[in-house]
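Undergrad: Sending over a structure as structure tokens; questions will come in a sec.
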Amino acid sequence: MTAPRSARIALLPGDGIGPEVVAAGRDTLEAVARAFGHEFTFVEAGIGGAAIDATGQPLPPDTLALCRSADAVLLGAVGGPRWTGAVRPEQGLLGLRRGLGVFANIRPVVVWPESSGSSPIKADRLAGVDLVVVRELTGGIYFGEKTLTGAAGAERATDLCVYTTDEIARVTRVAAAFAQARRGRLTSVDKANVLETSRLWRRVVTEVVRSEFPHVALDHLLVDTCAMDLVRWPAAFDVILTENMFGDILTDEAAMLAGSIGLLPSASLGEGAGIRPVRGLYEPIHGSAPDIAGKGVANPVGTILSAAMLLRYSLGLDEEAAVVERAARAAVAEGVVTPDLAANGAAARTGDVTRRIVASIVDRLTCPTPVSMLHP
């Protein structure tokens, strides 16, 4: 049993189903606090479209200040068709990542046998899938200079993709640390046959791994080949390292291995990640799903597993994180799942899934065998 811990956690519900899944994450963290004797304080703030409606800004200064003062941040989702002007919800998320200095996005993909039947991939391809994607988060084309010129009907748009040696090196160190603590294999993904940024990426990754992580086996894949191999031989991957846009796309593809994008968590971390507890931003990888918002059918598991990552990487509470992971898997194994995973229409509601997971946390001895650990 770990010593009691106090922590201040910022909650950013955001838009669409964000408030519903963040509520599930909070319930989970409160259950952990009760079960282990910790004291967690929660403070809520606006981001994204909800913040635009309230303040005219997708990332109000008070929200950023709160997140900088917190030990960790749990985020729901941002965006939706309501906000189509020059000020967009996604600007708040990009600004938050930069404002917190979180440059490495950690997205674990573990295929549980209990949910593999929901995957469109053949079962024989899913056995043993346990990988982590480390995505660079604050550089590349998403953050590059953007222009739109010309008259209507003859416009010209540009999005500049920029990377520096330091940006590539620091995220490589995070990915290599994960690989070193797992199975020792790192796959760097780029488009070096076409893009100058990718040629720099490949060279810097090679130099950092060779000089600082000599026991990590490094290979390079072009992004189109990686996309194919994620479907063809997903179990061959250990840790995948890639730049911002490629990582965004590949992790949505990888979500289908697990059976639903609603199952996948993420952690956005900065300097010291994987070495010591650091402040991080935690969120499920799914979007705001406005079409199901308020219907009580959103899958809370991705957010609950993000809360487990929060416990591990920001608070240093490995045992508690493992209990949450086991509880989430237990709910799926018992068939207490939302419609995205339900077979034959036997679906539970968001609150039902959350309550089942919370019950397993409170009575920790009922949890099944631990899932594979995802952390260094």
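In the structure tokens, chains take letters A, B, ... by order of appearance, with residues numbered from 1 within each chain and ligands from 1 in the order shown.
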Using only C-alpha atoms, what table do you get, as a tab-separated table, when you list each residue of region 321-367 of chain A with an atom no more than 7 Å from region 30-50 of chain A, its nearest pair of atoms, and their distance in Å rounded to one decimal, rows by chain then rising number?
TA:
residue	atom	partner	partner_atom	distance
A:Val358	CA	A:Ala31	CA	6.1
A:Ile361	CA	A:Ala31	CA	6.6
A:Val362	CA	A:Ala35	CA	5.5
Undergrad: Can you tell me, as a PyMOL selection string, what residues are no more than 9 Å from Ala346 (chain A) when counting only C-alpha atoms, ignoring any on the same chain fewer than 2 positions away?
TA: chain A and resi 335-339+342-344+348
Undergrad: Let's have the selection written as a compact mmCIF listing (two decimals), in the first residue's frame, with N, CA and C atoms.
TA:
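The resulting file, out_11.txt, is reproduced below:
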# COMPACT_ATOMS: atom_id res chain seq x y z
N GLY A 335 -19.23 -8.09 -19.70
CA GLY A 335 -20.23 -7.62 -20.66
C GLY A 335 -20.94 -6.35 -20.25
N VAL A 336 -20.40 -5.65 -19.25
CA VAL A 336 -20.97 -4.36 -18.85
C VAL A 336 -20.32 -3.30 -19.73
N VAL A 337 -20.88 -3.12 -20.92
CA VAL A 337 -20.27 -2.28 -21.94
C VAL A 337 -21.32 -1.42 -22.63
N THR A 338 -20.88 -0.32 -23.18
CA THR A 338 -21.74 0.59 -23.92
C THR A 338 -21.98 0.06 -25.34
N PRO A 339 -22.88 0.67 -26.12
CA PRO A 339 -23.29 0.10 -27.41
C PRO A 339 -22.16 -0.14 -28.41
N ALA A 342 -21.16 -3.61 -27.36
CA ALA A 342 -22.18 -4.59 -26.97
C ALA A 342 -22.52 -5.53 -28.12
N ALA A 343 -22.68 -6.80 -27.79
CA ALA A 343 -23.12 -7.79 -28.76
C ALA A 343 -24.62 -8.02 -28.60
N ASN A 344 -25.30 -8.19 -29.70
CA ASN A 344 -26.74 -8.51 -29.69
C ASN A 344 -27.57 -7.45 -28.97
N ALA A 348 -25.04 -1.51 -21.89
CA ALA A 348 -25.19 -0.76 -20.64
C ALA A 348 -25.05 0.73 -20.92
Undergrad: Going by DSSP on the backbone, which residues of region 80-307 of chain A come out as alpha helix (DSSP H)? List them as a PDB file with C-alpha atoms, in the first residue's frame.
TA:
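New file out03.pdb:
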ATOM      1  CA  PRO A  89     -12.479  24.824 -30.078  1.00  0.00           C
ATOM      2  CA  GLU A  90      -9.411  22.915 -31.268  1.00  0.00           C
ATOM      3  CA  GLN A  91      -7.298  26.047 -30.849  1.00  0.00           C
ATOM      4  CA  GLY A  92      -7.876  25.712 -27.121  1.00  0.00           C
ATOM      5  CA  LEU A  93      -6.495  22.183 -27.072  1.00  0.00           C
ATOM      6  CA  LEU A  94      -3.421  23.079 -29.112  1.00  0.00           C
ATOM      7  CA  GLY A  95      -2.823  26.109 -26.892  1.00  0.00           C
ATOM      8  CA  LEU A  96      -3.163  24.018 -23.744  1.00  0.00           C
ATOM      9  CA  ARG A  97      -0.593  21.492 -24.945  1.00  0.00           C
ATOM     10  CA  ARG A  98       1.866  24.234 -25.729  1.00  0.00           C
ATOM     11  CA  GLY A  99       1.077  26.173 -22.559  1.00  0.00           C
ATOM     12  CA  LEU A 100       1.755  23.121 -20.391  1.00  0.00           C
ATOM     13  CA  ALA A 123      -8.701 -12.676 -34.323  1.00  0.00           C
ATOM     14  CA  ASP A 124      -5.470 -14.412 -35.308  1.00  0.00           C
ATOM     15  CA  ARG A 125      -3.916 -11.014 -36.043  1.00  0.00           C
ATOM     16  CA  LEU A 126      -4.817  -9.629 -32.609  1.00  0.00           C
ATOM     17  CA  THR A 165      16.609  18.976 -33.925  1.00  0.00           C
ATOM     18  CA  ASP A 166      15.724  19.642 -30.282  1.00  0.00           C
ATOM     19  CA  GLU A 167      12.020  18.889 -30.773  1.00  0.00           C
ATOM     20  CA  ILE A 168      12.822  15.554 -32.376  1.00  0.00           C
ATOM     21  CA  ALA A 169      15.509  14.615 -29.857  1.00  0.00           C
ATOM     22  CA  ARG A 170      13.408  15.217 -26.753  1.00  0.00           C
ATOM     23  CA  VAL A 171      10.451  13.116 -27.922  1.00  0.00           C
ATOM     24  CA  THR A 172      12.844  10.399 -29.071  1.00  0.00           C
ATOM     25  CA  ARG A 173      14.225  10.165 -25.528  1.00  0.00           C
ATOM     26  CA  VAL A 174      10.720   9.628 -24.147  1.00  0.00           C
ATOM     27  CA  ALA A 175       9.918   6.932 -26.705  1.00  0.00           C
ATOM     28  CA  ALA A 176      13.257   5.178 -26.242  1.00  0.00           C
ATOM     29  CA  ALA A 177      12.784   5.169 -22.450  1.00  0.00           C
ATOM     30  CA  PHE A 178       9.449   3.414 -22.923  1.00  0.00           C
ATOM     31  CA  ALA A 179      11.000   0.898 -25.312  1.00  0.00           C
ATOM     32  CA  GLN A 180      13.907   0.269 -22.952  1.00  0.00           C
ATOM     33  CA  ALA A 181      11.513  -0.535 -20.109  1.00  0.00           C
ATOM     34  CA  GLU A 196      12.753  17.091 -45.691  1.00  0.00           C
ATOM     35  CA  THR A 197      11.331  17.214 -42.160  1.00  0.00           C
ATOM     36  CA  SER A 198      11.209  13.415 -42.192  1.00  0.00           C
ATOM     37  CA  ARG A 199      14.802  13.149 -43.353  1.00  0.00           C
ATOM     38  CA  LEU A 200      15.845  15.300 -40.386  1.00  0.00           C
ATOM     39  CA  TRP A 201      13.550  13.237 -38.152  1.00  0.00           C
ATOM     40  CA  ARG A 202      15.170   9.964 -39.203  1.00  0.00           C
ATOM     41  CA  ARG A 203      18.705  11.268 -38.761  1.00  0.00           C
ATOM     42  CA  VAL A 204      18.097  12.740 -35.291  1.00  0.00           C
ATOM     43  CA  VAL A 205      16.207   9.674 -34.025  1.00  0.00           C
ATOM     44  CA  THR A 206      19.053   7.437 -35.185  1.00  0.00           C
ATOM     45  CA  GLU A 207      21.689   9.581 -33.484  1.00  0.00           C
ATOM     46  CA  VAL A 208      19.841   9.829 -30.150  1.00  0.00           C
ATOM     47  CA  VAL A 209      19.068   6.115 -29.906  1.00  0.00           C
ATOM     48  CA  ARG A 210      22.579   5.074 -30.972  1.00  0.00           C
ATOM     49  CA  SER A 211      24.311   7.377 -28.470  1.00  0.00           C
ATOM     50  CA  GLU A 212      21.915   7.294 -25.496  1.00  0.00           C
ATOM     51  CA  VAL A 223       4.166   5.969 -42.661  1.00  0.00           C
ATOM     52  CA  ASP A 224       2.252   4.209 -45.428  1.00  0.00           C
ATOM     53  CA  THR A 225       4.060   0.951 -44.667  1.00  0.00           C
ATOM     54  CA  CYS A 226       3.363   1.361 -40.960  1.00  0.00           C
ATOM     55  CA  ALA A 227      -0.333   1.897 -41.657  1.00  0.00           C
ATOM     56  CA  MET A 228      -0.383  -1.365 -43.607  1.00  0.00           C
ATOM     57  CA  ASP A 229       1.593  -3.320 -41.000  1.00  0.00           C
ATOM     58  CA  LEU A 230      -0.632  -2.131 -38.141  1.00  0.00           C
ATOM     59  CA  VAL A 231      -3.405  -4.121 -39.789  1.00  0.00           C
ATOM     60  CA  ARG A 232      -1.285  -6.961 -41.151  1.00  0.00           C
ATOM     61  CA  ASN A 244       2.317  14.962 -34.873  1.00  0.00           C
ATOM     62  CA  MET A 245       0.027  14.405 -37.858  1.00  0.00           C
ATOM     63  CA  PHE A 246       1.166  10.864 -38.605  1.00  0.00           C
ATOM     64  CA  GLY A 247       0.590   9.940 -34.955  1.00  0.00           C
ATOM     65  CA  ASP A 248      -2.880  11.439 -34.968  1.00  0.00           C
ATOM     66  CA  ILE A 249      -3.864   9.269 -37.930  1.00  0.00           C
ATOM     67  CA  LEU A 250      -2.100   6.047 -36.964  1.00  0.00           C
ATOM     68  CA  THR A 251      -3.550   5.950 -33.447  1.00  0.00           C
ATOM     69  CA  ASP A 252      -7.107   6.195 -34.748  1.00  0.00           C
ATOM     70  CA  GLU A 253      -6.292   3.233 -36.977  1.00  0.00           C
ATOM     71  CA  ALA A 254      -4.751   1.367 -34.044  1.00  0.00           C
ATOM     72  CA  ALA A 255      -7.902   1.987 -31.995  1.00  0.00           C
ATOM     73  CA  MET A 256      -9.744  -0.442 -34.246  1.00  0.00           C
ATOM     74  CA  LEU A 257      -7.422  -3.207 -33.099  1.00  0.00           C
ATOM     75  CA  ALA A 258      -8.834  -2.871 -29.586  1.00  0.00           C
ATOM     76  CA  VAL A 301     -13.470   3.382 -20.407  1.00  0.00           C
ATOM     77  CA  GLY A 302     -10.994   5.470 -22.426  1.00  0.00           C
ATOM     78  CA  THR A 303     -11.332   8.297 -19.901  1.00  0.00           C
ATOM     79  CA  ILE A 304     -11.148   5.924 -16.938  1.00  0.00           C
ATOM     80  CA  LEU A 305      -7.961   4.380 -18.314  1.00  0.00           C
ATOM     81  CA  SER A 306      -6.658   7.925 -18.874  1.00  0.00           C
ATOM     82  CA  ALA A 307      -7.295   8.494 -15.163  1.00  0.00           C
TER      83      ALA A 307
END
Undergrad: Hey, what's within 12 Å of Ala333 (chain A) if we count only C-alpha atoms and toss same-chain stuff fewer than 2 positions away? As a PyMOL selection string, please?
TA: chain A and resi 112-117+326-331+335-337+341-342+353+356-357+367-369
Undergrad: Using only C-alpha atoms, which residue out of A:Val162, A:Leu218, A:Asp238, A:Val110 lies closest to Glu325 (chain A)?
TA: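 Smallest separation from Glu325 (chain A) among the options: A:Val110.
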Undergrad: I'd like to know which of A:Val73, A:Gly79, A:His220, A:Gly184 is closest to Asp15 (chain A), using only C-alpha atoms.
TA: A:Gly79
Undergrad: Write out as a ChimeraX atom specification the residues lying within 9 Å of Pro277 (chain A), counting only C-alpha atoms and excluding same-chain residues fewer than 6 positions away.
TA: /A:312-316
Undergrad: Rounded to one decimal place, report the CA of Pro13 (chain A)-CA of Arg26 (chain A) distance in Å.
TA: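 For CA of Pro13 (chain A) relative to CA of Arg26 (chain A), the distance reads 10.5 Å.
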Undergrad: As a PyMOL selection string, please: the residues near Ile141 (chain A) (cut-off 10 Å, only C-alpha atoms, same-chain neighbours under 5 positions excluded).
TA: chain A and resi 146+158-163+243-245
Undergrad: Okay, now the selection with C-alpha atoms, as a short mmCIF file (atom, residue, chain, number, x, y, z; two decimals), in the first residue's frame?
TA:
data_model
loop_
_atom_site.label_atom_id
_atom_site.label_comp_id
_atom_site.auth_asym_id
_atom_site.auth_seq_id
_atom_site.Cartn_x
_atom_site.Cartn_y
_atom_site.Cartn_z
CA LYS A 146 -0.91 28.80 -42.15
CA THR A 158 -0.54 26.52 -47.20
CA ASP A 159 0.27 24.71 -43.95
CA LEU A 160 3.95 24.76 -43.04
CA CYS A 161 5.46 21.63 -41.44
CA VAL A 162 8.45 22.51 -39.26
CA TYR A 163 10.62 20.45 -36.92
CA GLU A 243 5.50 13.08 -35.64
CA ASN A 244 2.32 14.96 -34.87
CA MET A 245 0.03 14.40 -37.86
#
Undergrad: What is the distance between CA of Ala24 (chain A) and CA of Arg8 (chain A), in Å to one decimal?
TA: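 Spanning CA of Ala24 (chain A) to CA of Arg8 (chain A) is a straight-line distance of 17.3 Å.
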Undergrad: Which residues are near Arg355 (chain A)? Cut-off 9 Å, only C-alpha atoms, ignore same chain within fewer than 3 positions. Put them as number ranges by chain.
TA: A: 24, 27-28, 350-352, 358-360
Undergrad: Got time to write the residues from that selection, N, CA and C atoms, as a short mmCIF file (atom, residue, chain, number, x, y, z; two decimals), in the first residue's frame?
TA:
data_model
loop_
_atom_site.label_atom_id
_atom_site.label_comp_id
_atom_site.auth_asym_id
_atom_site.auth_seq_id
_atom_site.Cartn_x
_atom_site.Cartn_y
_atom_site.Cartn_z
N ALA A 24 -17.21 10.41 -15.27
CA ALA A 24 -16.82 9.03 -14.98
C ALA A 24 -15.38 8.95 -14.48
N ASP A 27 -15.39 10.16 -10.86
CA ASP A 27 -15.91 9.12 -9.97
C ASP A 27 -14.86 8.05 -9.70
N THR A 28 -14.11 7.70 -10.74
CA THR A 28 -13.07 6.69 -10.61
C THR A 28 -11.96 7.17 -9.67
N THR A 350 -23.62 4.65 -19.82
CA THR A 350 -22.35 5.20 -19.33
C THR A 350 -22.24 5.07 -17.83
N GLY A 351 -23.29 5.42 -17.13
CA GLY A 351 -23.28 5.37 -15.67
C GLY A 351 -23.17 3.95 -15.14
N ASP A 352 -23.80 2.99 -15.83
CA ASP A 352 -23.72 1.59 -15.40
C ASP A 352 -22.28 1.08 -15.47
N VAL A 358 -16.18 1.38 -10.59
CA VAL A 358 -15.98 1.93 -9.25
C VAL A 358 -16.15 0.84 -8.19
N ALA A 359 -17.14 -0.04 -8.38
CA ALA A 359 -17.36 -1.11 -7.40
C ALA A 359 -16.15 -2.03 -7.32
N SER A 360 -15.52 -2.33 -8.47
CA SER A 360 -14.33 -3.18 -8.46
C SER A 360 -13.15 -2.50 -7.78
#
Undergrad: For the atom pair CA of Ala217 (chain A) and CA of Leu269 (chain A), what is the interatomic distance in Å to one decimal place?
TA: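 Between CA of Ala217 (chain A) and CA of Leu269 (chain A) the gap is 23.4 Å.
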